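Enquirer: entry_8.tsv (TSV, C-alpha atoms) pasted underneath:
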chain	number	residue	atom	x	y	z
A	1	MET	CA	18.05	13.53	1.97
A	2	LYS	CA	16.33	15.79	-0.52
A	3	LYS	CA	13.40	14.51	-2.52
A	4	THR	CA	14.80	15.08	-5.98
A	5	PRO	CA	12.74	13.65	-8.85
A	6	GLU	CA	15.56	11.25	-9.66
A	7	ARG	CA	15.73	9.94	-6.11
A	8	ILE	CA	11.98	9.58	-5.86
A	9	GLU	CA	11.93	7.68	-9.11
A	10	ALA	CA	14.74	5.32	-8.16
A	11	LEU	CA	13.63	4.72	-4.58
A	12	ALA	CA	9.95	4.17	-5.46
A	13	ALA	CA	10.91	1.43	-7.92
A	14	GLU	CA	13.13	-0.28	-5.37
A	15	TYR	CA	10.51	0.12	-2.67
A	16	VAL	CA	7.93	-1.73	-4.73
A	17	LEU	CA	10.40	-4.33	-5.93
A	18	GLY	CA	11.29	-4.93	-2.29
A	19	SER	CA	15.00	-4.37	-2.63
A	20	LEU	CA	14.81	-1.20	-0.52
A	21	ARG	CA	15.21	-2.40	3.05
A	22	GLY	CA	15.52	-1.48	6.66
A	23	ALA	CA	15.98	2.14	7.65
A	24	ALA	CA	15.99	3.30	4.04
A	25	ARG	CA	12.62	1.64	3.52
A	26	ARG	CA	11.15	3.31	6.58
A	27	ARG	CA	12.52	6.69	5.53
A	28	PHE	CA	10.92	6.26	2.15
A	29	GLU	CA	7.58	5.42	3.75
A	30	GLN	CA	7.79	8.75	5.52
A	31	TRP	CA	8.25	10.36	2.13
A	32	MET	CA	5.15	8.56	0.94
A	33	MET	CA	3.18	10.04	3.78
A	34	GLU	CA	4.38	13.50	2.94
A	35	SER	CA	4.15	13.66	-0.80
A	36	ALA	CA	1.46	12.88	-3.34
A	37	ARG	CA	4.12	12.75	-6.00
A	38	VAL	CA	5.97	10.02	-4.14
A	39	ARG	CA	2.76	8.05	-3.66
A	40	ARG	CA	1.90	8.32	-7.32
A	41	GLU	CA	5.34	7.05	-8.25
A	42	VAL	CA	4.87	4.06	-5.94
A	43	TRP	CA	1.43	3.35	-7.37
A	44	PHE	CA	2.89	3.44	-10.87
A	45	TRP	CA	5.26	0.62	-9.98
A	46	GLU	CA	2.71	-1.31	-7.95
A	47	GLU	CA	0.50	-1.41	-11.01
A	48	LYS	CA	3.27	-2.22	-13.48
A	49	LEU	CA	5.14	-4.78	-11.44
A	50	GLY	CA	1.81	-6.09	-10.15
A	51	GLN	CA	1.18	-7.37	-13.64
A	52	LEU	CA	3.98	-9.85	-13.09
A	53	ALA	CA	2.06	-11.36	-10.19
A	54	ARG	CA	-0.77	-12.43	-12.41
A	55	ASP	CA	1.34	-14.95	-14.22
A	56	VAL	CA	2.31	-17.00	-11.22
A	57	PRO	CA	0.46	-20.32	-11.29
A	58	GLU	CA	-2.57	-20.51	-9.03
A	59	ASN	CA	-2.36	-22.67	-5.97
A	60	GLN	CA	-5.42	-23.47	-3.89
A	61	PRO	CA	-4.79	-22.66	-0.22
A	62	PRO	CA	-6.05	-25.12	2.41
A	63	ALA	CA	-9.49	-24.49	3.90
A	64	SER	CA	-7.87	-23.68	7.24
A	65	VAL	CA	-6.70	-20.33	5.86
A	66	TRP	CA	-10.23	-19.00	5.39
A	67	LYS	CA	-11.27	-20.40	8.77
A	68	ASN	CA	-8.39	-18.56	10.40
A	69	ILE	CA	-9.24	-15.32	8.65
A	70	GLU	CA	-12.82	-15.55	9.90
A	71	ARG	CA	-11.68	-16.40	13.39
A	72	ARG	CA	-9.20	-13.54	13.52
A	73	LEU	CA	-11.70	-11.01	12.22
A	74	TRP	CA	-14.84	-12.09	13.97
A	75	GLY	CA	-14.04	-14.76	16.53
A	76	ALA	CA	-14.72	-18.47	16.41
A	77	GLN	CA	-18.47	-18.65	16.82
A	78	GLN	CA	-19.65	-15.55	15.08
A	79	GLN	CA	-21.58	-15.92	11.92
A	80	PRO	CA	-21.47	-13.03	9.54
A	81	THR	CA	-24.42	-10.82	10.15
A	82	GLN	CA	-24.61	-7.26	9.05
A	83	ALA	CA	-26.35	-6.20	12.23
A	84	GLU	CA	-23.30	-6.88	14.33
A	85	VAL	CA	-21.06	-4.84	12.20
A	86	ARG	CA	-20.47	-1.34	13.34
A	87	GLY	CA	-20.21	1.46	10.87
A	88	ILE	CA	-16.64	2.01	11.75
A	89	GLY	CA	-14.70	-1.20	12.01
A	90	ARG	CA	-12.24	-2.18	14.66
A	91	TRP	CA	-8.88	-0.68	14.12
A	92	PHE	CA	-7.01	-3.85	14.60
A	93	TRP	CA	-3.84	-4.10	12.66
A	94	PRO	CA	-1.92	-7.27	13.06
A	95	SER	CA	1.12	-5.98	11.30
A	96	TRP	CA	2.48	-3.12	9.34
A	97	SER	CA	0.73	-2.35	6.16
A	98	VAL	CA	1.93	-0.81	2.98
A	99	LEU	CA	2.02	2.69	4.33
A	100	ALA	CA	2.22	2.06	8.00
A	101	THR	CA	5.30	1.51	10.03
A	102	ALA	CA	6.24	4.22	12.45
A	103	ALA	CA	4.57	4.23	15.82
A	104	VAL	CA	3.01	7.61	15.26
A	105	LEU	CA	1.75	6.59	11.94
A	106	VAL	CA	-1.83	6.61	11.26
A	107	LEU	CA	-3.89	4.91	8.72
A	108	ALA	CA	-6.36	6.57	6.55
A	109	VAL	CA	-9.84	5.36	7.02
A	110	VAL	CA	-12.78	5.75	5.04
A	111	LEU	CA	-16.39	5.64	5.40
A	112	ILE	CA	-17.50	4.81	1.96
A	113	GLN	CA	-21.16	5.05	1.27
A	114	GLN	CA	-22.76	4.62	-2.08
A	115	PRO	CA	-21.23	7.20	-4.35
A	116	ARG	CA	-23.51	10.01	-5.31
A	117	PRO	CA	-23.50	11.26	-8.83
A	118	SER	CA	-23.40	14.92	-7.98
A	119	GLY	CA	-22.93	17.34	-5.12
A	120	GLU	CA	-20.25	15.17	-3.60
A	121	GLN	CA	-19.18	15.75	-0.04
A	122	LEU	CA	-15.96	14.56	1.42
A	123	SER	CA	-15.85	12.49	4.52
A	124	GLY	CA	-13.42	10.33	6.41
A	125	ALA	CA	-11.69	9.68	9.67
A	126	ILE	CA	-8.30	10.21	11.15
A	127	VAL	CA	-7.33	7.09	12.97
A	128	GLN	CA	-4.39	5.71	14.81
A	129	ALA	CA	-3.23	2.17	14.44
A	130	ASN	CA	-3.30	1.20	18.10
A	131	LEU	CA	-6.59	2.85	19.01
A	132	GLU	CA	-10.00	1.34	18.52
A	133	ASP	CA	-11.77	4.65	17.99
A	134	PRO	CA	-10.81	7.20	15.38
A	135	LEU	CA	-9.13	10.37	16.61
A	136	TRP	CA	-11.32	12.67	14.60
A	137	LEU	CA	-14.15	12.24	12.18
A	138	VAL	CA	-14.04	14.62	9.27
A	139	SER	CA	-16.96	15.74	7.19
A	140	GLU	CA	-17.49	18.46	4.71
A	141	SER	CA	-20.51	20.59	4.16
A	142	GLY	CA	-20.20	21.49	0.52
A	143	ALA	CA	-22.64	24.36	0.42
A	144	GLU	CA	-20.90	26.46	3.01
A	145	ASN	CA	-17.32	25.40	2.31
A	146	LEU	CA	-17.05	24.17	5.88
A	147	LEU	CA	-14.94	21.30	7.05
A	148	LYS	CA	-16.02	19.83	10.36
A	149	LEU	CA	-13.79	17.82	12.67
A	150	ARG	CA	-15.43	15.96	15.48
A	151	SER	CA	-12.99	14.80	18.11
A	152	ILE	CA	-13.52	11.21	19.22
A	153	ALA	CA	-10.35	9.86	20.73
A	154	ALA	CA	-7.81	12.61	20.07
A	155	SER	CA	-5.67	13.54	23.05
A	156	GLU	CA	-4.12	16.90	23.85
A	157	ALA	CA	-0.90	17.78	22.09
A	158	GLU	CA	2.15	17.76	24.30
A	159	ALA	CA	2.88	20.89	26.35
A	160	GLY	CA	3.71	23.91	24.26
A	161	LYS	CA	2.51	22.29	21.06
A	162	ASP	CA	-0.57	22.43	18.87
A	163	TYR	CA	-2.02	20.29	16.15
A	164	GLU	CA	-2.22	22.00	12.79
A	165	LEU	CA	-4.43	20.83	9.96
A	166	TRP	CA	-3.29	20.96	6.34
A	167	VAL	CA	-4.71	20.33	2.92
A	168	VAL	CA	-2.14	18.34	1.00
A	169	PRO	CA	-2.52	19.35	-2.65
A	170	GLU	CA	-1.66	17.12	-5.57
A	171	ASP	CA	1.37	19.30	-6.13
A	172	GLY	CA	2.99	22.02	-4.14
A	173	GLN	CA	3.12	23.02	-0.52
A	174	PRO	CA	0.47	22.04	2.03
A	175	LEU	CA	-2.13	24.73	2.74
A	176	SER	CA	-2.74	25.46	6.39
A	177	LEU	CA	-6.26	25.17	7.75
A	178	GLY	CA	-5.09	26.43	11.09
A	179	VAL	CA	-4.60	24.95	14.51
A	180	ILE	CA	-7.21	22.44	15.69
A	181	PRO	CA	-8.22	21.60	19.23
A	182	ALA	CA	-7.97	18.03	20.50
A	183	GLY	CA	-11.52	18.03	21.88
A	184	GLY	CA	-15.00	18.99	20.80
A	185	VAL	CA	-16.22	19.91	17.37
A	186	HIS	CA	-14.15	22.24	15.28
A	187	GLN	CA	-15.22	23.90	12.06
A	188	VAL	CA	-12.91	25.37	9.47
A	189	ARG	CA	-14.06	27.55	6.61
A	190	LEU	CA	-12.18	26.59	3.45
A	191	SER	CA	-10.81	29.27	1.20
A	192	ASP	CA	-11.54	28.78	-2.48
A	193	GLU	CA	-7.94	27.72	-2.96
A	194	ALA	CA	-8.09	25.20	-0.13
A	195	ARG	CA	-11.44	23.87	-1.29
A	196	LYS	CA	-10.14	23.37	-4.81
A	197	ALA	CA	-6.95	21.67	-3.65
A	198	LEU	CA	-8.91	19.43	-1.29
A	199	SER	CA	-11.45	18.36	-3.88
A	200	GLN	CA	-8.58	17.35	-6.15
A	201	SER	CA	-6.28	15.61	-3.71
A	202	ARG	CA	-8.81	14.71	-1.00
A	203	THR	CA	-5.86	14.52	1.33
A	204	LEU	CA	-5.52	16.07	4.77
A	205	ALA	CA	-2.57	16.00	7.11
A	206	ILE	CA	-2.04	16.92	10.73
A	207	SER	CA	1.35	18.06	11.97
A	208	LEU	CA	2.65	18.85	15.42
A	209	GLU	CA	3.65	22.52	15.62
A	210	PRO	CA	4.73	25.07	18.21
A	211	ARG	CA	1.84	26.56	20.18
A	212	GLY	CA	-0.22	28.75	17.88
A	213	GLY	CA	0.78	26.95	14.70
A	214	SER	CA	3.65	26.81	12.27
A	215	PRO	CA	5.66	30.03	12.25
A	216	THR	CA	6.66	29.57	8.63
A	217	GLY	CA	3.36	28.76	6.92
A	218	ALA	CA	4.64	25.30	6.04
A	219	PRO	CA	4.66	22.24	8.33
A	220	THR	CA	7.72	22.36	10.58
A	221	GLY	CA	6.97	19.55	13.02
A	222	PRO	CA	6.46	15.85	12.36
A	223	ILE	CA	3.53	14.92	10.17
A	224	LEU	CA	1.45	12.85	12.54
A	225	HIS	CA	-1.42	11.85	10.35
A	226	VAL	CA	-2.26	11.76	6.70
A	227	THR	CA	-5.73	10.79	5.65
A	228	LYS	CA	-7.52	10.48	2.40
A	229	LEU	CA	-11.11	11.60	2.35
A	230	TYR	CA	-13.77	10.03	0.24
A	231	ALA	CA	-16.71	11.44	-1.56
A	232	LEU	CA	-20.07	10.57	-0.08
B	1	MET	CA	-4.22	-15.52	-16.79
B	2	ALA	CA	-5.82	-12.74	-18.71
B	3	GLN	CA	-7.61	-10.18	-16.63
B	4	THR	CA	-10.64	-8.83	-18.37
B	5	ASP	CA	-12.18	-5.49	-17.58
B	6	ALA	CA	-15.25	-7.35	-16.38
B	7	ASP	CA	-13.14	-9.16	-13.78
B	8	GLN	CA	-11.68	-5.89	-12.57
B	9	ASP	CA	-15.13	-4.30	-12.43
B	10	GLN	CA	-16.35	-7.18	-10.34
B	11	LEU	CA	-13.40	-6.88	-7.97
B	12	MET	CA	-14.04	-3.17	-7.68
B	13	ARG	CA	-17.69	-3.79	-6.76
B	14	LEU	CA	-16.65	-6.33	-4.16
B	15	LEU	CA	-14.15	-3.89	-2.63
B	16	MET	CA	-16.84	-1.23	-2.39
B	17	LYS	CA	-19.07	-3.66	-0.52
B	18	ILE	CA	-16.24	-4.79	1.73
B	19	ALA	CA	-15.54	-1.16	2.62
B	20	GLN	CA	-19.11	-1.19	3.97
B	21	GLN	CA	-18.28	-4.27	6.05
B	22	ASP	CA	-20.10	-6.74	3.82
B	23	ARG	CA	-18.81	-10.13	4.90
B	24	ARG	CA	-20.47	-12.02	2.11
B	25	ALA	CA	-18.66	-9.88	-0.44
B	26	PHE	CA	-15.44	-10.53	1.45
B	27	GLN	CA	-15.93	-14.27	1.20
B	28	GLU	CA	-16.74	-13.95	-2.48
B	29	LEU	CA	-13.55	-11.98	-3.00
B	30	TYR	CA	-11.59	-14.65	-1.17
B	31	GLU	CA	-13.02	-17.40	-3.33
B	32	HIS	CA	-12.25	-15.37	-6.40
B	33	ILE	CA	-8.62	-14.48	-5.82
B	34	ALA	CA	-7.22	-16.60	-2.96
B	35	ALA	CA	-5.67	-19.23	-5.22
B	36	ARG	CA	-3.99	-16.64	-7.36
B	37	MET	CA	-2.71	-14.77	-4.34
B	38	PHE	CA	-1.57	-17.95	-2.60
B	39	GLY	CA	0.40	-18.88	-5.73
B	40	LEU	CA	2.33	-15.63	-5.43
B	41	CYS	CA	2.87	-15.94	-1.67
B	42	LEU	CA	4.09	-19.50	-2.10
B	43	ARG	CA	6.44	-18.55	-4.91
B	44	LEU	CA	7.97	-15.84	-2.77
B	45	ALA	CA	8.07	-17.68	0.52
B	46	GLY	CA	9.15	-21.05	-0.79
B	47	GLN	CA	7.28	-22.74	2.03
B	48	ARG	CA	3.63	-23.34	2.71
B	49	GLU	CA	3.40	-22.39	6.35
B	50	LEU	CA	4.72	-18.88	5.84
B	51	ALA	CA	2.73	-18.44	2.63
B	52	GLU	CA	-0.48	-19.42	4.43
B	53	GLU	CA	0.17	-16.92	7.18
B	54	ALA	CA	0.94	-14.18	4.67
B	55	LEU	CA	-2.27	-14.96	2.81
B	56	GLN	CA	-4.30	-14.69	6.02
B	57	ASP	CA	-2.65	-11.41	6.95
B	58	ALA	CA	-3.17	-10.02	3.48
B	59	PHE	CA	-6.90	-10.73	3.53
B	60	ILE	CA	-7.23	-9.23	6.98
B	61	GLN	CA	-5.57	-6.10	5.67
B	62	ILE	CA	-7.86	-6.08	2.66
B	63	TRP	CA	-10.87	-6.29	4.95
B	64	HIS	CA	-9.71	-3.26	6.90
B	65	ARG	CA	-8.34	-1.27	4.02
B	66	ALA	CA	-10.85	-1.87	1.24
B	67	GLY	CA	-12.04	1.72	1.58
B	68	GLU	CA	-8.55	3.00	0.87
B	69	TYR	CA	-8.52	1.59	-2.59
B	70	HIS	CA	-9.04	4.05	-5.39
B	71	SER	CA	-8.46	3.83	-9.08
B	72	ASP	CA	-5.24	5.88	-8.98
B	73	ARG	CA	-3.71	2.89	-7.30
B	74	GLY	CA	-4.03	0.74	-10.38
B	75	ALA	CA	-6.25	-2.23	-11.05
B	76	PRO	CA	-7.91	-3.69	-7.95
B	77	LEU	CA	-6.16	-7.02	-8.40
B	78	SER	CA	-2.73	-5.37	-8.62
B	79	TRP	CA	-3.46	-3.48	-5.45
B	80	MET	CA	-4.44	-6.62	-3.55
B	81	MET	CA	-1.56	-8.66	-4.92
B	82	THR	CA	0.76	-5.88	-3.79
B	83	ILE	CA	-0.59	-6.13	-0.26
B	84	ALA	CA	0.00	-9.89	-0.27
B	85	ARG	CA	3.47	-9.51	-1.70
B	86	TYR	CA	4.62	-6.90	0.81
B	87	ARG	CA	3.22	-8.98	3.64
B	88	THR	CA	5.03	-12.08	2.45
B	89	LEU	CA	8.30	-10.17	2.16
B	90	ASP	CA	7.79	-8.82	5.68
B	91	LEU	CA	7.30	-12.26	7.13
B	92	ILE	CA	10.29	-13.59	5.27
B	93	ARG	CA	12.46	-10.82	6.64
B	94	ALA	CA	11.05	-11.00	10.12
B	95	ARG	CA	11.91	-14.63	10.44
B	96	LYS	CA	14.66	-15.03	7.93
B	97	ALA	CA	12.80	-18.17	7.25
B	98	ARG	CA	13.00	-18.43	3.55
B	99	GLN	CA	14.96	-21.29	2.21
B	100	THR	CA	18.52	-20.31	1.64
B	101	ILE	CA	19.73	-20.49	-1.87
B	102	GLY	CA	20.70	-24.07	-2.46
B	103	ASP	CA	23.06	-25.56	-4.96
B	104	GLU	CA	20.08	-26.74	-6.88
B	105	ASP	CA	19.13	-23.18	-7.61
B	106	LEU	CA	22.58	-22.16	-8.57
B	107	ASN	CA	23.67	-24.97	-10.81
B	108	GLU	CA	22.37	-23.50	-13.98
B	109	LEU	CA	23.69	-20.05	-13.51
B	110	ASP	CA	27.24	-20.48	-14.63
B	111	ASP	CA	26.51	-20.74	-18.28
B	112	GLY	CA	24.57	-17.50	-18.05
B	113	ARG	CA	21.55	-18.88	-19.85
B	114	GLU	CA	19.26	-20.30	-17.23
B	115	GLY	CA	18.89	-19.10	-13.68
B	116	PRO	CA	16.77	-19.93	-10.70
B	117	LEU	CA	13.92	-18.22	-12.46
B	118	GLU	CA	11.71	-20.45	-14.46
B	119	PHE	CA	11.69	-19.75	-18.12
B	120	SER	CA	7.90	-19.57	-18.15
B	121	LEU	CA	7.85	-16.77	-15.61
B	122	ARG	CA	10.42	-14.81	-17.48
B	123	GLU	CA	8.52	-15.16	-20.72
B	124	SER	CA	5.11	-14.29	-19.36
B	125	GLY	CA	6.52	-11.35	-17.46
B	126	ALA	CA	8.09	-10.01	-20.60
B	127	GLU	CA	4.81	-10.28	-22.43
B	128	LYS	CA	2.85	-8.52	-19.69
B	129	LEU	CA	5.17	-5.59	-19.46
B	130	THR	CA	4.70	-5.09	-23.18
B	131	GLY	CA	8.07	-6.38	-24.12
B	132	CYS	CA	9.88	-3.76	-22.08
B	133	LEU	CA	11.70	-6.37	-20.07
B	134	ASP	CA	13.16	-7.65	-23.31
B	135	GLU	CA	14.96	-4.39	-23.77
B	136	LEU	CA	16.97	-4.89	-20.59
B	137	SER	CA	20.21	-6.78	-20.45
B	138	ASP	CA	19.92	-10.36	-19.21
B	139	VAL	CA	21.47	-9.57	-15.85
B	140	GLN	CA	19.27	-6.52	-15.32
B	141	ARG	CA	16.14	-8.47	-16.14
B	142	ASP	CA	17.06	-11.49	-14.04
B	143	SER	CA	17.97	-9.31	-11.05
B	144	ILE	CA	14.62	-7.57	-11.21
B	145	LEU	CA	12.59	-10.72	-11.70
B	146	LEU	CA	14.42	-12.62	-8.97
B	147	SER	CA	13.76	-9.74	-6.59
B	148	TYR	CA	10.13	-9.63	-7.61
B	149	TYR	CA	9.24	-13.31	-7.65
B	150	ARG	CA	11.64	-14.63	-5.04
B	151	GLY	CA	12.19	-11.64	-2.80
B	152	PHE	CA	15.96	-11.99	-3.12
B	153	THR	CA	17.97	-9.46	-1.16
B	154	HIS	CA	20.91	-7.73	-2.76
B	155	GLU	CA	23.16	-10.16	-0.90
B	156	GLU	CA	21.27	-13.18	-2.16
B	157	LEU	CA	21.33	-11.84	-5.68
B	158	ALA	CA	25.05	-11.22	-5.46
B	159	GLN	CA	25.50	-14.81	-4.41
B	160	ALA	CA	23.12	-16.18	-7.00
B	161	LEU	CA	24.63	-14.20	-9.83
B	162	SER	CA	28.24	-14.53	-8.59
B	163	SER	CA	28.76	-10.79	-8.66
B	164	PRO	CA	29.66	-8.06	-6.18
B	165	ILE	CA	26.76	-6.45	-4.32
B	166	GLY	CA	27.53	-3.04	-5.80
B	167	THR	CA	27.26	-4.47	-9.28
B	168	VAL	CA	23.95	-6.15	-8.50
B	169	LYS	CA	22.55	-2.93	-7.04
B	170	SER	CA	23.53	-1.08	-10.15
B	171	TRP	CA	21.90	-3.70	-12.40
B	172	ILE	CA	18.66	-3.33	-10.50
B	173	ARG	CA	18.71	0.43	-10.43
B	174	ARG	CA	19.59	0.86	-14.08
B	175	GLY	CA	17.26	-1.93	-15.12
B	176	LEU	CA	14.31	-0.35	-13.32
B	177	MET	CA	14.96	3.05	-14.82
B	178	ALA	CA	15.31	1.59	-18.30
B	179	LEU	CA	12.08	-0.30	-17.72
B	180	LYS	CA	10.33	2.88	-16.71
B	181	ARG	CA	11.55	4.79	-19.75
B	182	CYS	CA	10.24	1.99	-21.94
B	183	LEU	CA	6.89	1.73	-20.11
B	184	GLU	CA	6.35	5.45	-20.43
B	185	GLN	CA	6.77	5.46	-24.18
In structure tokens, write the structure found in this file.
Expert:
Amino acid sequence: MKKTPERIEALAAEYVLGSLRGAARRRFEQWMMESARVRREVWFWEEKLGQLARDVPENQPPASVWKNIERRLWGAQQQPTQAEVRGIGRWFWPSWSVLATAAVLVLAVVLIQQPRPSGEQLSGAIVQANLEDPLWLVSESGAENLLKLRSIAASEAEAGKDYELWVVPEDGQPLSLGVIPAGGVHQVRLSDEARKALSQSRTLAISLEPRGGSPTGAPTGPILHVTKLYAL
Amino acid sequence: MAQTDADQDQLMRLLMKIAQQDRRAFQELYEHIAARMFGLCLRLAGQRELAEEALQDAFIQIWHRAGEYHSDRGAPLSWMMTIARYRTLDLIRARKARQTIGDEDLNELDDGREGPLEFSLRESGAEKLTGCLDELSDVQRDSILLSYYRGFTHEELAQALSSPIGTVKSWIRRGLMALKRCLEQ
């Protein structure tokens, strides 16, 4: 089904309302992964319809709810101490989240530090729902227009395939940053165009492509991961 | 309840801290919004057990996903309420556990004036969405609000409003688009 503006508009509203169900809902989530325009449309409705939620009368949940949250996150005995907390949390997802359904689907993760007023650098991680470690850590070195991917838990692409990295702009086609290896540290020099698109959208994607990369210049294989980077 | 900018700023600060794994901030957030969120979960689920589970799941997601929040996604509270709402709907669907529509809910529908939606909700919703809901037809507005607050499926709506499913779908679709046109003005 083509992503016409009318369809995006209608489906995003029904997605947020909840009346879009089943396979249609999952298909639409794939659209969300692929398109900033679709995500923005969803966010529009989440904000607007979210206003309705504020008028529902409050109701104090029983104390057991908080106890269970603590137990599920940190175990029964643990007291909250910062020292125990690793910089990157555990990637434990009890259930599907707003964007996450398909098995391949990956959740954007973020390492937010205190925002810096100037000279921002983008950083983030590409993670997979069922893995404890991120697949790649991503960091940007602003001065040299370099984007660095450090492989942590990424595994080799299937035979005859390669991973290809893309900048997903706010609008328009993804810009290829080339094929990336599953292991080691990989650096990509960003063109001015790619750098500009990335600083606006802060969104990267990884697709599975034929060996050597997409033959068309646009993603041809499944989009495996979409991640949003954050400014450090 | 009115949401002031100061409240939203505070929620934003808490989310930033939670993204850095600050458990104290997480607890503060819980104390701040749990009752409001539980009210919504309970309204949707119609039963406490499921609502409590949805609330737990929602906060666990918020803990993990705090760093994903950014201002394009709307106010912090809307974002978190959305997480809770989707989670509640998921649990309802997974278990088909929500109370079926009973006669009690239906008995005021025939005259076309009052439905299973409380008048207060309808009124406050209309006010929040800057009167745009008022511009919809009654059936469009009720279909949308019943879906939002009660998580009614198309089938349940068709039953509740004594109309064919196709008609109900069209009410929702046209109602939402009319709402958007109005909100964009």
Enquirer: Can you write out as a tab-separated table which residues of chain A fall within 6 Å of chain B, alongside each residue's closest atom pair and its distance in Å to one decimal, counting only C-alpha atoms and ordering rows by chain and ascending residue number?
Expert:
residue	atom	partner	partner_atom	distance
A:Leu17	CA	B:Tyr148	CA	5.6
A:Trp43	CA	B:Arg73	CA	5.2
A:Glu47	CA	B:Gly74	CA	5.1
A:Gly50	CA	B:Ser78	CA	4.8
A:Leu52	CA	B:Gly125	CA	5.3
A:Val56	CA	B:Leu40	CA	5.9
A:Pro57	CA	B:Gly39	CA	5.7
A:Glu58	CA	B:Arg36	CA	4.4
A:Asn59	CA	B:Gly39	CA	4.7
A:Gln60	CA	B:Ala35	CA	4.5
A:Ile69	CA	B:Gln56	CA	5.6
A:Val110	CA	B:Gly67	CA	5.4
Enquirer: Any idea what's packed within 8 Å of A:Ala154, counting all atoms listed in the file, ignoring anything in its chain fewer than 3 positions away? Could you give it as a PDB file with C-alpha atoms, in the coordinates of the input?
Expert:
ATOM      1  CA  PRO A 134     -10.810   7.200  15.380  1.00  0.00           C
ATOM      2  CA  LEU A 135      -9.130  10.370  16.610  1.00  0.00           C
ATOM      3  CA  TRP A 136     -11.320  12.670  14.600  1.00  0.00           C
ATOM      4  CA  SER A 151     -12.990  14.800  18.110  1.00  0.00           C
ATOM      5  CA  ALA A 182      -7.970  18.030  20.500  1.00  0.00           C
ATOM      6  CA  GLY A 183     -11.520  18.030  21.880  1.00  0.00           C
TER       7      GLY A 183
END
Enquirer: Measuring atom to atom with all atoms listed in the file, identify which of A:Arg39, A:Lys148, A:Arg72, A:Lys48 is nearest to A:Glu170.
Expert: A:Arg39
Enquirer: Restricting the calculation to all atoms listed in the file: of B:Leu50, B:Ala158, B:Ala25, B:Val168, which residue gets closest to B:Arg141?
Expert: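 Smallest separation from B:Arg141 among the options: B:Val168.
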Enquirer: Give me, please, the distance in Å between atom CA of A:Glu209 and atom CA of A:Ala157, quoted to one decimal.
Expert: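 Answer for the atom CA of A:Glu209 to atom CA of A:Ala157 separation: 9.2 Å.
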Enquirer: Which value, in Å to one decimal, gives the distance between atom CA of B:Gly131 and atom CA of A:Leu49?
Expert: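 Taking atom CA of B:Gly131 and atom CA of A:Leu49, their separation equals 13.1 Å.
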Enquirer: Atom CA of B:Ser137 and atom CA of B:Gln185 are how many Å apart?
Expert: 18.6 Å
Enquirer: Give the answer as one residue: which of A:Thr220, A:Ser123, A:Asn145, A:Ser19 has the shortest atom-to-atom distance to A:Lys196, using all atoms listed in the file?
Expert: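 That would be A:Asn145, the residue with the smallest distance to A:Lys196.
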Enquirer: Could you check which residues have any atom within 12 Å of (0.9, 20.6, 0.8), counting all atoms listed in the file with coordinates taken straight from the file, and then list them as a count of residues only?
Expert: 34
Enquirer: Could you list, as JSON, numbers by chain, every residue within 12 Å of A:Gly212, counting only C-alpha atoms and ignoring same-chain residues fewer than 6 positions away?
Expert: {"A": [157, 159, 160, 161, 162, 163, 164, 165, 178, 179, 180, 181]}
